[in-house]
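Shown below: work.pdb, with PDB, C-alpha atoms and all ligand atoms.
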ATOM      1  CA  MET L 225     283.352 199.871  -8.133
ATOM      2  CA  LEU L 226     285.163 201.405  -5.151
ATOM      3  CA  SER L 227     288.213 201.904  -7.367
ATOM      4  CA  GLY L 228     286.064 203.599  -9.995
ATOM      5  CA  TYR L 229     284.418 205.882  -7.391
ATOM      6  CA  ALA L 230     287.835 207.043  -6.239
ATOM      7  CA  GLU L 231     288.870 208.033  -9.755
ATOM      8  CA  ALA L 232     285.552 209.869 -10.259
ATOM      9  CA  LEU L 233     286.071 211.784  -6.999
ATOM     10  CA  LYS L 234     289.600 212.591  -8.133
ATOM     11  CA  HIS L 235     288.457 213.918 -11.514
ATOM     12  CA  ALA L 236     286.044 216.269  -9.769
ATOM     13  CA  LEU L 237     288.628 217.442  -7.231
ATOM     14  CA  ILE L 238     291.268 218.313  -9.823
ATOM     15  CA  LYS L 239     289.017 219.869 -12.477
ATOM     16  CA  ASP L 240     285.359 220.464 -11.761
ATOM     17  CA  VAL L 241     283.769 221.838  -8.600
ATOM     18  CA  THR L 242     280.231 221.393  -9.989
ATOM     19  CA  TYR L 243     280.912 217.724 -10.602
ATOM     20  CA  TRP L 244     282.266 217.493  -7.043
ATOM     21  CA  GLU L 245     279.059 218.992  -5.635
ATOM     22  CA  GLN L 246     277.042 216.323  -7.460
ATOM     23  CA  LEU L 247     279.229 213.556  -6.029
ATOM     24  CA  GLU L 248     279.208 215.106  -2.561
ATOM     25  CA  ASN L 249     275.433 215.220  -2.605
ATOM     26  CA  GLY L 250     275.214 211.469  -2.996
ATOM     27  CA  MET L 251     274.545 211.192  -6.723
ATOM     28  CA  LEU L 252     276.904 208.211  -6.835
ATOM     29  CA  SER L 253     274.724 206.221  -4.482
ATOM     30  CA  ASP L 254     271.973 205.951  -7.100
ATOM     31  CA  ALA L 255     272.855 203.749 -10.091
ATOM     32  CA  LYS L 256     270.560 205.700 -12.436
ATOM     33  CA  ASN L 257     272.948 208.677 -12.226
ATOM     34  CA  TRP L 258     276.022 206.706 -13.182
ATOM     35  CA  ILE L 259     275.968 207.220 -16.954
ATOM     36  CA  LYS L 260     275.864 210.995 -16.430
ATOM     37  CA  LEU L 261     278.616 210.921 -13.808
ATOM     38  CA  ILE L 262     280.871 208.544 -15.715
ATOM     39  CA  THR L 263     280.461 210.762 -18.777
ATOM     40  CA  SER L 264     281.768 213.746 -16.777
ATOM     41  CA  SER L 265     284.763 211.683 -15.707
ATOM     42  CA  ILE L 266     285.514 210.491 -19.240
ATOM     43  CA  HIS L 267     285.416 214.073 -20.542
ATOM     44  CA  ILE L 268     287.821 215.302 -17.867
ATOM     45  CA  LYS L 269     290.282 212.464 -18.335
ATOM     46  CA  ASN L 270     290.056 212.597 -22.126
ATOM     47  CA  ASP L 271     290.723 216.351 -22.248
ATOM     48  CA  ILE L 272     293.749 216.022 -19.978
ATOM     49  CA  VAL L 273     295.247 213.072 -21.851
ATOM     50  CA  LEU L 274     294.703 214.675 -25.267
ATOM     51  CA  ASN L 275     296.389 217.878 -24.069
ATOM     52  CA  ASP L 276     299.387 215.998 -22.716
ATOM     53  CA  PRO L 277     299.782 212.531 -24.269
ATOM     54  CA  PHE L 278     303.318 212.029 -22.895
ATOM     55  CA  GLU L 279     302.708 213.108 -19.291
ATOM     56  CA  LYS L 280     305.008 216.131 -19.497
ATOM     57  CA  ASP L 281     302.827 218.419 -17.397
ATOM     58  CA  GLU L 282     299.020 218.646 -17.213
ATOM     59  CA  ARG L 283     298.530 214.885 -17.152
ATOM     60  CA  LYS L 284     300.342 214.807 -13.819
ATOM     61  CA  LEU L 285     297.151 216.304 -12.362
ATOM     62  CA  LEU L 286     295.734 212.775 -12.581
ATOM     63  CA  ASN L 287     298.283 211.713  -9.940
ATOM     64  CA  PHE L 288     296.352 213.530  -7.214
ATOM     65  CA  GLY L 289     295.890 211.124  -4.273
ATOM     66  CA  HIS L 290     298.215 208.617  -5.907
ATOM     67  CA  THR L 291     301.595 209.520  -4.380
ATOM     68  CA  ILE L 292     300.398 208.445  -0.949
ATOM     69  CA  GLY L 293     297.736 206.136  -2.414
ATOM     70  CA  HIS L 294     300.212 203.970  -4.345
ATOM     71  CA  ALA L 295     302.410 203.650  -1.257
ATOM     72  CA  ILE L 296     299.439 202.527   0.853
ATOM     73  CA  GLU L 297     298.344 200.129  -1.896
ATOM     74  CA  SER L 298     301.814 198.490  -2.081
ATOM     75  CA  TYR L 299     302.089 198.405   1.702
ATOM     76  CA  SER L 300     298.686 196.738   2.036
ATOM     77  CA  LEU L 301     299.489 194.203  -0.684
ATOM     78  CA  LYS L 302     302.576 193.153   1.267
ATOM     79  CA  ASN L 303     301.116 193.215   4.784
ATOM     80  CA  ASP L 304     297.379 192.544   4.763
ATOM     81  CA  GLU L 305     295.590 189.256   4.370
ATOM     82  CA  ILE L 306     292.911 191.033   2.351
ATOM     83  CA  PRO L 307     294.701 193.916   0.659
ATOM     84  CA  LEU L 308     293.000 197.213  -0.129
ATOM     85  CA  CYS L 309     291.920 197.678  -3.721
ATOM     86  CA  HIS L 310     293.541 200.489  -5.709
ATOM     87  CA  GLY L 311     290.689 202.942  -5.203
ATOM     88  CA  GLU L 312     290.439 202.331  -1.465
ATOM     89  CA  ALA L 313     294.121 203.202  -1.127
ATOM     90  CA  VAL L 314     293.782 206.244  -3.391
ATOM     91  CA  ALA L 315     290.767 207.435  -1.369
ATOM     92  CA  ILE L 316     292.952 207.536   1.760
ATOM     93  CA  GLY L 317     295.712 209.162  -0.292
ATOM     94  CA  MET L 318     293.345 211.929  -1.409
ATOM     95  CA  ILE L 319     292.427 212.730   2.204
ATOM     96  CA  CYS L 320     296.097 212.896   3.277
ATOM     97  CA  GLU L 321     297.075 214.934   0.224
ATOM     98  CA  SER L 322     294.152 217.323   0.774
ATOM     99  CA  TYR L 323     295.413 217.908   4.304
ATOM    100  CA  ILE L 324     298.886 218.624   2.874
ATOM    101  CA  SER L 325     297.196 220.976   0.398
ATOM    102  CA  THR L 326     295.772 223.061   3.278
ATOM    103  CA  LYS L 327     299.292 223.557   4.655
ATOM    104  CA  GLN L 328     301.128 224.112   1.393
ATOM    105  CA  GLN L 329     298.715 225.111  -1.363
ATOM    106  CA  GLY L 330     296.108 227.258   0.366
ATOM    107  CA  LEU L 331     293.245 224.752   0.283
ATOM    108  CA  SER L 332     290.592 225.971   2.755
ATOM    109  CA  GLU L 333     289.528 224.090   5.870
ATOM    110  CA  VAL L 334     285.963 224.074   4.506
ATOM    111  CA  ASP L 335     287.115 222.289   1.344
ATOM    112  CA  LEU L 336     289.193 219.828   3.380
ATOM    113  CA  GLU L 337     286.183 219.057   5.558
ATOM    114  CA  SER L 338     284.009 218.471   2.480
ATOM    115  CA  ILE L 339     286.609 216.138   0.933
ATOM    116  CA  ALA L 340     287.262 214.198   4.139
ATOM    117  CA  SER L 341     283.606 213.708   5.059
ATOM    118  CA  THR L 342     282.567 212.706   1.524
ATOM    119  CA  ILE L 343     285.375 210.174   1.120
ATOM    120  CA  THR L 344     284.987 208.647   4.589
ATOM    121  CA  SER L 345     281.254 208.215   3.900
ATOM    122  CA  PHE L 346     282.059 205.972   0.907
ATOM    123  CA  TYR L 347     284.985 203.966   2.258
ATOM    124  CA  ASN L 348     285.754 201.788   5.256
ATOM    125  CA  SER L 349     288.340 203.069   7.684
ATOM    126  CA  TYR L 350     291.851 201.663   7.476
ATOM    127  CA  ARG L 351     294.252 202.473  10.278
ATOM    128  CA  LEU L 352     297.712 203.491   9.088
ATOM    129  CA  LYS L 353     300.148 201.974  11.588
ATOM    130  CA  GLU L 354     302.486 204.641  12.877
ATOM    131  CA  VAL L 355     305.371 202.145  13.289
ATOM    132  CA  ASP L 356     305.182 201.524   9.543
ATOM    133  CA  PHE L 357     305.100 205.176   8.405
ATOM    134  CA  HIS L 358     308.786 204.936   7.401
ATOM    135  CA  GLN L 359     307.888 202.057   5.049
ATOM    136  CA  LEU L 360     305.258 204.229   3.409
ATOM    137  CA  ILE L 361     307.738 207.094   3.006
ATOM    138  CA  GLU L 362     310.293 204.726   1.398
ATOM    139  CA  LEU L 363     307.638 203.508  -1.030
ATOM    140  CA  MET L 364     306.837 207.135  -1.942
ATOM    141  CA  LYS L 365     310.518 207.886  -2.501
ATOM    142  CA  ASN L 366     310.745 204.986  -4.952
ATOM    143  CA  ASP L 367     307.767 206.223  -6.889
ATOM    144  CA  LYS L 368     308.416 206.780 -10.593
ATOM    145  CA  LYS L 369     306.940 210.281 -10.423
ATOM    146  CA  ASN L 370     309.782 211.695  -8.326
ATOM    147  CA  GLU L 371     312.517 213.858  -9.687
ATOM    148  CA  ASN L 372     315.711 214.681  -7.730
ATOM    149  CA  ASN L 373     315.358 213.711  -4.065
ATOM    150  CA  GLY L 374     312.067 215.306  -3.146
ATOM    151  CA  ILE L 375     308.687 213.658  -3.030
ATOM    152  CA  ILE L 376     306.513 215.210  -5.683
ATOM    153  CA  PHE L 377     302.761 215.704  -5.338
ATOM    154  CA  THR L 378     299.801 217.118  -7.156
ATOM    155  CA  LEU L 379     298.054 219.390  -4.654
ATOM    156  CA  LEU L 380     294.787 221.361  -4.567
ATOM    157  CA  SER L 381     294.446 225.114  -4.000
ATOM    158  CA  LYS L 382     290.671 224.686  -4.028
ATOM    159  CA  ILE L 383     288.202 222.023  -5.087
ATOM    160  CA  GLY L 384     288.408 221.884  -8.883
ATOM    161  CA  THR L 385     291.902 223.436  -9.134
ATOM    162  CA  ALA L 386     295.069 221.349  -8.886
ATOM    163  CA  HIS L 387     298.811 222.004  -9.262
ATOM    164  CA  PHE L 388     301.375 219.405 -10.298
ATOM    165  CA  ASN L 389     305.107 219.128  -9.432
ATOM    166  CA  GLN L 390     304.767 220.280  -5.827
ATOM    167  CA  GLU L 391     307.621 219.078  -3.647
ATOM    168  CA  VAL L 392     306.595 218.188  -0.075
ATOM    169  CA  GLU L 393     308.759 217.686   3.021
ATOM    170  CA  VAL L 394     308.593 214.305   4.763
ATOM    171  CA  GLU L 395     307.456 215.975   8.009
ATOM    172  CA  LEU L 396     304.324 217.338   6.356
ATOM    173  CA  ILE L 397     303.593 213.992   4.694
ATOM    174  CA  LEU L 398     303.671 212.360   8.142
ATOM    175  CA  ASP L 399     301.243 215.039   9.378
ATOM    176  CA  GLY L 400     298.960 214.084   6.492
ATOM    177  CA  LEU L 401     299.021 210.400   7.483
ATOM    178  CA  ASN L 402     298.311 211.342  11.111
ATOM    179  CA  TYR L 403     295.446 213.570   9.995
ATOM    180  CA  TYR L 404     293.773 210.598   8.311
ATOM    181  CA  ASN L 405     294.216 208.467  11.449
ATOM    182  CA  SER L 406     292.761 211.245  13.613
ATOM    183  CA  LEU L 407     289.683 211.380  11.356
ATOM    184  CA  ILE L 408     288.847 207.693  11.650
ATOM    185  CA  GLY L 409     289.486 207.673  15.426
ATOM    186  CA  ASP L 410     288.987 204.266  16.969
ATOM    187  CA  LYS L 411     286.387 203.139  14.440
ATOM    188  CA  VAL L 412     288.312 200.292  12.829
ATOM    189  CA  VAL L 413     291.266 198.104  13.630
ATOM    190  CA  ASN L 414     292.643 196.290  10.604
TER     191      ASN L 414
HETATM  192 ZN    ZN Y   1     294.211 205.389  -9.896
END
Output the file's structure as structure tokens, nothing else.
Amino acid sequence: MLSGYAEALKHALIKDVTYWEQLENGMLSDAKNWIKLITSSIHIKNDIVLNDPFEKDERKLLNFGHTIGHAIESYSLKNDEIPLCHGEAVAIGMICESYISTKQQGLSEVDLESIASTITSFYNSYRLKEVDFHQLIELMKNDKKNENNGIIFTLLSKIGTAHFNQEVEVELILDGLNYYNSLIGDKVVN
């Protein structure tokens, strides 16, 4: 369910601000709303996939949160006794990538705050160990989505509007990881 939540949050962030407002206002926490919410997600994903069946362009929007998220997921699988599930890792990835979006794509601080507080309210905190940041960066570099040498992201300019094929410098990615750690403070040690 946590993995499914993360994908629903992602669909709203990349395509539909109204859907995001429903999720932000806790509609997910009540099971009777799920059919309606899942329907919104299916429509968004279906439209994107039908428009771009071979992942040439628009479908890359669905990678939001996943460049960092996949790296965290692989890292956790290798290092943790109880690894994070896909959605838990993507949830962290979406926070980091939203931070990067404020620095590189014009996402507002207000939107970042809304994304960070909504996601942290759903998911447990997971400290990203600074000594292992280089491992995470290596995992991102190996990601299939990358072209040339850069690390390629889908970023947000506002909630509901995303842009694919955005190349991000390693320094800013590290800032994104640190931003997530600063949000969770000392709440959890994993
Ligand atoms: Zn996913």
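Near range 302-310 of chain L, within a cut-off of 8 Å and counting all atoms listed in the file, sit the residues Leu226, Ser227, Gly293 and His294 of chain L, with same-chain residues fewer than 6 positions away left out.
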Practice problem: Could you tell me which residues the PyMOL selection byres (((not hetatm)) within 7 of (chain Y and resi 1)) grabs in this file, written as a list of chain:residue names? | Solution: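 Checking the PyMOL selection byres (((not hetatm)) within 7 of (chain Y and resi 1)) against this file, the residues are L:Glu231, L:His290, L:His310, L:Gly311, L:Val314.
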Store the residues picked out above in a file with C-alpha atoms, as an mmCIF file, in the coordinates of the input.
data_model
loop_
_atom_site.group_PDB
_atom_site.id
_atom_site.type_symbol
_atom_site.label_atom_id
_atom_site.label_comp_id
_atom_site.auth_asym_id
_atom_site.auth_seq_id
_atom_site.Cartn_x
_atom_site.Cartn_y
_atom_site.Cartn_z
ATOM 1 C CA GLU L 231 288.870 208.033 -9.755
ATOM 2 C CA HIS L 290 298.215 208.617 -5.907
ATOM 3 C CA HIS L 310 293.541 200.489 -5.709
ATOM 4 C CA GLY L 311 290.689 202.942 -5.203
ATOM 5 C CA VAL L 314 293.782 206.244 -3.391
#
Self-check item: Nearby residues (all atoms listed in the file) at most 6 Å from range 392-406 of chain L, same-chain spacing under 5 positions excluded, as a list in words
Solution: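 Listing them by chain and then by number gives Cys320, Tyr323, Ile324 and Ile375 of chain L.
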Exercise. Tell me which of L:Leu233, L:Ile361, L:Leu331, L:Leu336 sits closest to Ile268 in chain L, counting only C-alpha atoms.
Key: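 For Ile268 in chain L, the nearest of the candidates is L:Leu233.
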Self-check item: Atomic distance CA of Val241 in chain L - CA of Phe346 in chain L, expressed in Å with one decimal
Solution: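 Computed distance, CA of Val241 in chain L to CA of Phe346 in chain L, equals 18.6 Å.
Under the PyMOL selection byres (((chain L and resi 359) around 12) and not hetatm), the matching residues in the shown file are L:Ile292, L:Ala295, L:Ile296, L:Glu297, L:Ser298, L:Tyr299, L:Ser300, L:Lys302, L:Asn303, L:Leu352, L:Lys353, L:Glu354, L:Val355, L:Asp356, L:Phe357, L:His358, L:Leu360, L:Ile361, L:Glu362, L:Leu363, L:Met364, L:Lys365, L:Asn366, L:Leu398.
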Quiz item: Taking into account only C-alpha atoms, which residue in the set L:Arg351, L:Lys269, L:Lys284, L:Lys327 is nearest to Ser381 in chain L?
Solution: L:Lys327
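Put simply, CA of Leu379 in chain L is 10.0 Å away from CA of Leu237 in chain L.
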Quiz item: Leaving out Ala230 in chain L and any residue of its chain fewer than 4 positions from it, which residues lie within 12 Å of it when counting only C-alpha atoms, given as a VMD selection string?
Solution: chain L and resid 225 to 226 234 to 237 244 247 252 262 265 286 288 to 290 293 309 to 319 339 342 to 344 346 to 347
Practice problem: Using the chain letters and residue numbers of this document, give as a count of residues only the residues selected by the PyMOL selection byres (((chain L and resi 272) around 10) and not hetatm). | Solution: 19
Quiz item: In terms of the shortest atom-to-atom distance over all atoms listed in the file, which of L:Thr385, L:Thr378, L:Ile238, L:Ile408 is closest to Ser341 in chain L?
Solution: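 The shortest atom-to-atom distance to Ser341 in chain L comes from L:Ile408.
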Quiz item: Which value, in Å to one decimal, gives the distance between CA of Tyr350 in chain L and CA of Glu321 in chain L?
Solution: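 CA of Tyr350 in chain L sits 16.0 Å away from CA of Glu321 in chain L.
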Quiz item: For Gln329 in chain L, which of L:Asn287, L:Gln246, L:Asn389, L:Thr263 is the closest residue, counting all atoms listed in the file?
Solution: L:Asn389
